[in-house]
$ cat work.txt   # compact mmCIF, C-alpha atoms and all ligand atoms
# COMPACT_ATOMS: atom_id res chain seq x y z
CA MET A 16 -27.81 86.02 -122.28
CA GLY A 17 -28.02 89.62 -121.09
CA PHE A 18 -28.74 90.91 -117.59
CA MET A 19 -32.29 92.01 -118.53
CA ASP A 20 -33.14 88.60 -119.99
CA ARG A 21 -31.97 86.94 -116.80
CA LEU A 22 -33.94 89.42 -114.70
CA PHE A 23 -37.12 88.65 -116.60
CA GLY A 24 -36.57 84.92 -116.44
CA LYS A 25 -35.78 84.29 -120.10
CA GLU A 26 -33.97 81.01 -120.48
CA THR A 27 -31.40 80.17 -123.11
CA LYS A 28 -32.15 77.18 -125.34
CA GLU A 29 -29.63 75.12 -123.34
CA GLU A 30 -31.16 76.10 -119.98
CA GLU A 31 -34.65 75.38 -121.30
CA LYS A 32 -33.54 71.91 -122.43
CA MET A 33 -32.08 71.20 -118.99
CA THR A 34 -35.27 72.12 -117.15
CA LYS A 35 -37.56 70.04 -119.37
CA LEU A 36 -38.36 66.40 -118.75
CA ASN A 37 -36.62 63.77 -120.86
CA ILE A 38 -39.00 61.32 -122.48
CA GLY A 39 -37.65 58.27 -124.34
CA ILE A 40 -39.66 56.80 -127.21
CA ILE A 41 -38.64 53.15 -126.95
CA LEU A 42 -38.78 50.99 -130.08
CA GLY A 43 -39.92 47.55 -128.92
CA SER A 44 -38.95 45.49 -131.97
CA THR A 45 -35.51 44.68 -133.32
CA ARG A 46 -36.15 42.34 -136.27
CA GLU A 47 -34.84 43.00 -139.80
CA GLY A 48 -37.58 44.82 -141.72
CA ARG A 49 -39.43 46.02 -138.59
CA VAL A 50 -41.87 48.90 -138.87
CA SER A 51 -41.33 50.30 -135.36
CA PRO A 52 -38.91 53.06 -136.53
CA GLN A 53 -41.67 54.51 -138.76
CA VAL A 54 -44.12 54.53 -135.86
CA GLY A 55 -41.54 55.94 -133.42
CA GLU A 56 -40.59 58.77 -135.78
CA TRP A 57 -44.26 59.63 -136.26
CA VAL A 58 -44.83 59.84 -132.49
CA LYS A 59 -41.66 61.92 -132.12
CA SER A 60 -42.76 64.35 -134.86
CA ILE A 61 -46.05 64.92 -133.02
CA ALA A 62 -44.27 65.17 -129.66
CA ASP A 63 -41.62 67.63 -130.87
CA LYS A 64 -44.32 70.08 -131.99
CA ARG A 65 -45.54 70.33 -128.39
CA GLY A 66 -42.27 71.72 -126.99
CA ASP A 67 -43.16 70.46 -123.50
CA ALA A 68 -40.34 67.91 -123.07
CA ASN A 69 -37.14 66.63 -124.67
CA TYR A 70 -38.23 63.64 -126.73
CA GLU A 71 -35.78 61.12 -128.16
CA ILE A 72 -35.98 57.78 -129.93
CA VAL A 73 -34.41 54.98 -127.89
CA ASP A 74 -33.72 51.95 -130.08
CA ILE A 75 -33.17 48.72 -128.15
CA ALA A 76 -31.30 47.33 -131.17
CA ASP A 77 -28.52 49.92 -130.68
CA TYR A 78 -27.57 48.37 -127.34
CA LYS A 79 -26.92 44.87 -128.68
CA LEU A 80 -28.11 43.37 -125.44
CA PRO A 81 -27.31 39.66 -125.01
CA PHE A 82 -29.99 37.27 -123.83
CA LEU A 83 -30.28 37.80 -120.08
CA GLY A 84 -28.30 35.24 -118.08
CA THR A 85 -26.23 33.91 -120.96
CA THR A 86 -23.17 36.10 -120.41
CA ASP A 87 -21.18 37.52 -117.50
CA GLY A 88 -22.97 40.84 -117.99
CA SER A 89 -19.87 42.77 -119.01
CA GLU A 90 -21.12 43.81 -122.47
CA PRO A 91 -20.90 47.62 -122.66
CA GLY A 92 -24.45 47.79 -124.05
CA ILE A 93 -25.89 46.66 -120.70
CA ALA A 94 -24.34 49.59 -118.80
CA ALA A 95 -25.18 51.98 -121.65
CA TRP A 96 -28.82 50.82 -121.61
CA ASN A 97 -29.10 51.45 -117.86
CA GLU A 98 -27.39 54.81 -118.25
CA LYS A 99 -29.86 55.82 -120.96
CA LEU A 100 -32.84 54.75 -118.84
CA ASN A 101 -31.40 56.65 -115.86
CA SER A 102 -31.31 59.83 -117.95
CA LEU A 103 -35.03 59.55 -118.78
CA ASP A 104 -37.99 60.79 -116.72
CA GLY A 105 -40.64 58.94 -118.70
CA PHE A 106 -41.23 56.67 -121.64
CA VAL A 107 -43.44 56.08 -124.63
CA PHE A 108 -43.31 52.41 -125.57
CA ILE A 109 -43.80 51.58 -129.24
CA VAL A 110 -45.31 48.13 -128.84
CA GLN A 111 -45.96 45.53 -131.53
CA GLU A 112 -47.93 42.36 -130.95
CA TYR A 113 -46.00 39.08 -131.22
CA ASN A 114 -48.06 35.99 -130.32
CA HIS A 115 -50.49 38.07 -128.29
CA SER A 116 -47.74 39.68 -126.22
CA ILE A 117 -44.74 41.98 -126.44
CA THR A 118 -41.57 40.99 -128.28
CA GLY A 119 -38.94 38.87 -126.58
CA ALA A 120 -36.48 41.69 -127.33
CA LEU A 121 -38.51 44.22 -125.35
CA LYS A 122 -39.01 41.87 -122.40
CA ASN A 123 -35.30 41.07 -122.38
CA ALA A 124 -34.41 44.77 -122.44
CA ILE A 125 -36.91 45.53 -119.67
CA ASP A 126 -35.39 42.75 -117.53
CA PHE A 127 -31.91 44.23 -117.92
CA ALA A 128 -32.74 47.18 -115.63
CA ARG A 129 -34.60 47.63 -112.38
CA GLU A 130 -34.05 50.83 -110.39
CA ALA A 131 -33.66 52.79 -113.64
CA TRP A 132 -37.37 52.17 -114.33
CA ASN A 133 -38.71 52.94 -110.87
CA ASN A 134 -41.03 55.90 -110.15
CA LYS A 135 -41.39 57.01 -113.74
CA ALA A 136 -44.36 57.19 -116.10
CA ALA A 137 -45.10 55.61 -119.45
CA GLY A 138 -47.47 55.86 -122.36
CA ILE A 139 -48.02 53.07 -124.88
CA VAL A 140 -48.58 53.24 -128.64
CA SER A 141 -49.26 49.79 -130.04
CA TYR A 142 -49.97 48.10 -133.35
CA GLY A 143 -51.10 44.74 -134.61
CA SER A 144 -54.11 43.09 -136.21
CA THR A 145 -56.26 44.23 -133.27
CA GLY A 146 -54.25 47.38 -132.59
CA GLY A 147 -51.69 45.50 -130.52
CA ALA A 148 -54.10 45.73 -127.58
CA ARG A 149 -53.22 42.33 -126.12
CA ALA A 150 -49.50 43.09 -126.16
CA ALA A 151 -50.08 46.48 -124.56
CA GLU A 152 -52.14 44.96 -121.74
CA HIS A 153 -49.34 42.46 -121.04
CA LEU A 154 -46.86 45.34 -120.90
CA ARG A 155 -49.02 47.11 -118.31
CA GLY A 156 -48.69 44.10 -116.00
CA ILE A 157 -44.91 44.13 -116.36
CA LEU A 158 -44.67 47.88 -115.76
CA GLY A 159 -46.55 47.56 -112.48
CA GLU A 160 -43.79 45.34 -111.12
CA LEU A 161 -41.20 47.98 -112.08
CA LEU A 162 -43.06 50.90 -110.47
CA VAL A 163 -43.73 52.51 -113.82
CA ALA A 164 -47.07 54.33 -113.87
CA ASP A 165 -48.68 53.62 -117.25
CA VAL A 166 -51.20 56.22 -118.38
CA ARG A 167 -54.73 55.51 -119.53
CA VAL A 168 -54.85 56.92 -123.07
CA HIS A 169 -53.45 54.37 -125.48
CA PRO A 170 -53.37 54.91 -129.26
CA THR A 171 -53.91 51.58 -131.05
CA LEU A 172 -52.83 51.31 -134.69
CA SER A 173 -54.20 48.69 -137.05
CA LEU A 174 -51.98 46.70 -139.40
CA PHE A 175 -54.91 46.77 -141.84
CA THR A 176 -55.98 50.41 -141.82
CA ASP A 177 -52.87 52.29 -140.66
CA PHE A 178 -50.32 50.45 -142.81
CA GLU A 179 -50.17 49.66 -146.51
CA ASN A 180 -49.43 45.97 -147.02
CA GLY A 181 -48.60 45.83 -143.31
CA THR A 182 -45.29 47.57 -144.04
CA VAL A 183 -45.70 51.22 -145.08
CA PHE A 184 -47.03 53.29 -142.21
CA LYS A 185 -49.90 55.61 -143.22
CA PRO A 186 -51.64 56.52 -139.96
CA GLN A 187 -55.22 57.74 -140.03
CA GLU A 188 -55.82 61.32 -138.89
CA LEU A 189 -57.96 60.24 -135.96
CA HIS A 190 -54.95 58.95 -134.01
CA LEU A 191 -53.42 62.42 -133.64
CA THR A 192 -55.80 63.42 -130.85
CA ASN A 193 -55.07 60.24 -128.93
CA VAL A 194 -51.30 60.56 -129.28
CA ASN A 195 -51.44 64.08 -127.86
CA ALA A 196 -53.75 63.02 -125.02
CA MET A 197 -51.39 60.14 -124.20
CA LEU A 198 -48.45 62.58 -124.18
CA ASP A 199 -50.37 65.02 -121.95
CA GLN A 200 -50.79 62.28 -119.36
CA THR A 201 -47.26 60.90 -119.73
CA VAL A 202 -45.62 64.31 -119.28
CA ALA A 203 -47.87 65.19 -116.31
CA TRP A 204 -47.15 61.93 -114.48
CA SER A 205 -43.44 61.98 -115.37
CA GLY A 206 -43.19 65.39 -113.73
CA ALA A 207 -45.17 64.31 -110.67
CA LEU A 208 -43.12 61.16 -110.16
CA LYS A 209 -39.82 63.02 -110.49
CA THR A 210 -40.55 64.44 -107.04
CA LEU A 211 -40.30 60.93 -105.59
CA ARG A 212 -36.82 60.23 -106.91
C1 LIG B 301 -43.33 36.19 -134.31
C2 LIG B 301 -44.49 37.07 -134.68
C3 LIG B 301 -45.71 36.89 -134.06
C4 LIG B 301 -46.79 37.70 -134.37
N1 LIG B 301 -47.97 37.54 -133.68
C5 LIG B 301 -48.95 38.45 -133.84
C6 LIG B 301 -50.10 38.39 -133.03
O1 LIG B 301 -50.25 37.53 -132.17
N2 LIG B 301 -51.06 39.33 -133.19
C7 LIG B 301 -50.93 40.33 -134.13
O2 LIG B 301 -51.82 41.16 -134.22
N3 LIG B 301 -49.84 40.40 -134.93
C8 LIG B 301 -48.86 39.48 -134.82
N4 LIG B 301 -47.74 39.56 -135.59
C9 LIG B 301 -47.67 40.59 -136.64
C10 LIG B 301 -46.87 41.79 -136.13
O3 LIG B 301 -47.61 42.54 -135.21
C11 LIG B 301 -46.45 42.65 -137.32
O4 LIG B 301 -45.61 41.88 -138.15
C12 LIG B 301 -45.73 43.91 -136.89
O5 LIG B 301 -45.32 44.63 -138.04
C13 LIG B 301 -44.50 43.57 -136.07
O6 LIG B 301 -43.83 44.72 -135.65
P1 LIG B 301 -42.39 45.09 -136.22
O7 LIG B 301 -42.55 45.23 -137.74
O8 LIG B 301 -42.01 46.39 -135.59
O9 LIG B 301 -41.46 43.96 -135.89
C14 LIG B 301 -46.65 38.72 -135.34
C15 LIG B 301 -45.42 38.89 -135.97
C16 LIG B 301 -44.34 38.09 -135.65
C17 LIG B 301 -43.00 38.34 -136.31
$ encode --input "work.txt" --output "structure tokens"
Amino acid sequence: MGFMDRLFGKETKEEEKMTKLNIGIILGSTREGRVSPQVGEWVKSIADKRGDANYEIVDIADYKLPFLGTTDGSEPGIAAWNEKLNSLDGFVFIVQEYNHSITGALKNAIDFAREAWNNKAAGIVSYGSTGGARAAEHLRGILGELLVADVRVHPTLSLFTDFENGTVFKPQELHLTNVNAMLDQTVAWSGALKTLR
């Protein structure tokens, strides 16, 4: 970058990336045949168009976390999971409803970290037969304990009208506004809470 660019405050792509907030889009399901990657990629494609943060998909399945308390805790995935969470300023949880709550995999992954969650913000995008609303409300209770500020706007996707045969994701147009409003709030609160850490 030239002297004039520096003088007028132009940032290189690398500098711009470093000054932006890092928001992780966390896939809450890990089962074979899950639809969460389709939903996560859709949220990321909307988010990336905004250019207001660095958005990345964070897949719990990649960390191969054991069931909490059943090992000595030395699996490398546990440290890597905490390291990833530490690098993030905020989260968008992709939440699916399992027996009126979140998945066991997501709860287990949440329980594997503590300080790495604290004083950060989160948005929720959920799906299920009733938009995953019951699972999302359970998640809000859990996030309170971890000092994660969950934002109000919450896109709810229906297994009946936003998926074909419950498997191929075809979101209705109307959700776009809500996803952006949820991201507005998540980015604003992630930035505000960064000042506390
Ligand atoms: C064990 C299990 C329990 C479920 N319970 C509910 C439920 O209580 N309410 C609901 O709306 N959908 C329920 N579903 C349907 C899931 O929301 C649906 O299969 C969704 O695609 C799961 O997300 P995934 O594909 O990312 O794993 C359940 C699915 C499973 C596997």
$ residues_near_ligand --input "work.txt" --ligand "ligand LIG 301 (chain B)" --cutoff "12 Å" --atoms "only C-alpha atoms and all ligand atoms" --output "PyMOL selection string"
chain A and resi 41-55+74-76+108-121+140-151+171-175+177-184
$ closest_atom_pairs --input "work.txt" --of "segment 110-188 of chain A" --to "segment 95-104 of chain A" --cutoff "10 Å" --atoms "all atoms listed in the file" --output "Markdown table"
| residue | atom | partner | partner_atom | distance |
| --- | --- | --- | --- | --- |
| A:Ala124 | CA | A:Trp96 | CA | 8.3 |
| A:Ile125 | CA | A:Trp96 | CA | 9.9 |
| A:Phe127 | CA | A:Asn97 | CA | 7.7 |
| A:Ala128 | CA | A:Asn97 | CA | 6.0 |
| A:Arg129 | CA | A:Asn97 | CA | 8.7 |
| A:Glu130 | CA | A:Asn101 | CA | 8.4 |
| A:Ala131 | CA | A:Asn101 | CA | 5.0 |
| A:Trp132 | CA | A:Leu100 | CA | 6.9 |
| A:Asn133 | CA | A:Asn101 | CA | 9.6 |
| A:Asn134 | CA | A:Asp104 | CA | 8.7 |
| A:Lys135 | CA | A:Asp104 | CA | 5.9 |
| A:Ala136 | CA | A:Asp104 | CA | 7.3 |
| A:Ala137 | CA | A:Asp104 | CA | 9.2 |
$ closest_residue --input "work.txt" --among "A:Glu31, A:Glu188, A:Asp199, A:Asp165" --to "Arg65 of chain A" --atoms "all atoms listed in the file"
A:Asp199
$ atom_distance --input "work.txt" --atom1 "atom CA of Phe106 of chain A" --atom2 "atom CA of Lys79 of chain A"
19.8 Å
$ residues_around --input "work.txt" --residues "Met33 of chain A" --least-positions-apart "6" --cutoff "10 Å" --atoms "all atoms listed in the file" --output "MDAnalysis selection string"
chainID A and resid 27 68:69
$ closest_residue --input "work.txt" --among "A:Asn193, A:Asn123, A:Ala94, A:Ser205" --to "Gly39 of chain A" --atoms "only C-alpha atoms"
A:Ser205
$ closest_residue --input "work.txt" --among "A:Leu162, A:Glu152, A:Asn37, A:Thr176" --to "Leu211 of chain A" --atoms "only C-alpha atoms"
A:Leu162
$ closest_residue --input "work.txt" --among "A:Val168, A:Leu154, A:Val202, A:Leu191" --to "Lys35 of chain A" --atoms "all atoms listed in the file"
A:Val202
$ atom_distance --input "work.txt" --atom1 "atom CA of Val58 of chain A" --atom2 "atom CA of Arg167 of chain A"
16.9 Å
$ atom_distance --input "work.txt" --atom1 "atom CA of Asp67 of chain A" --atom2 "atom CA of Leu36 of chain A"
7.9 Å
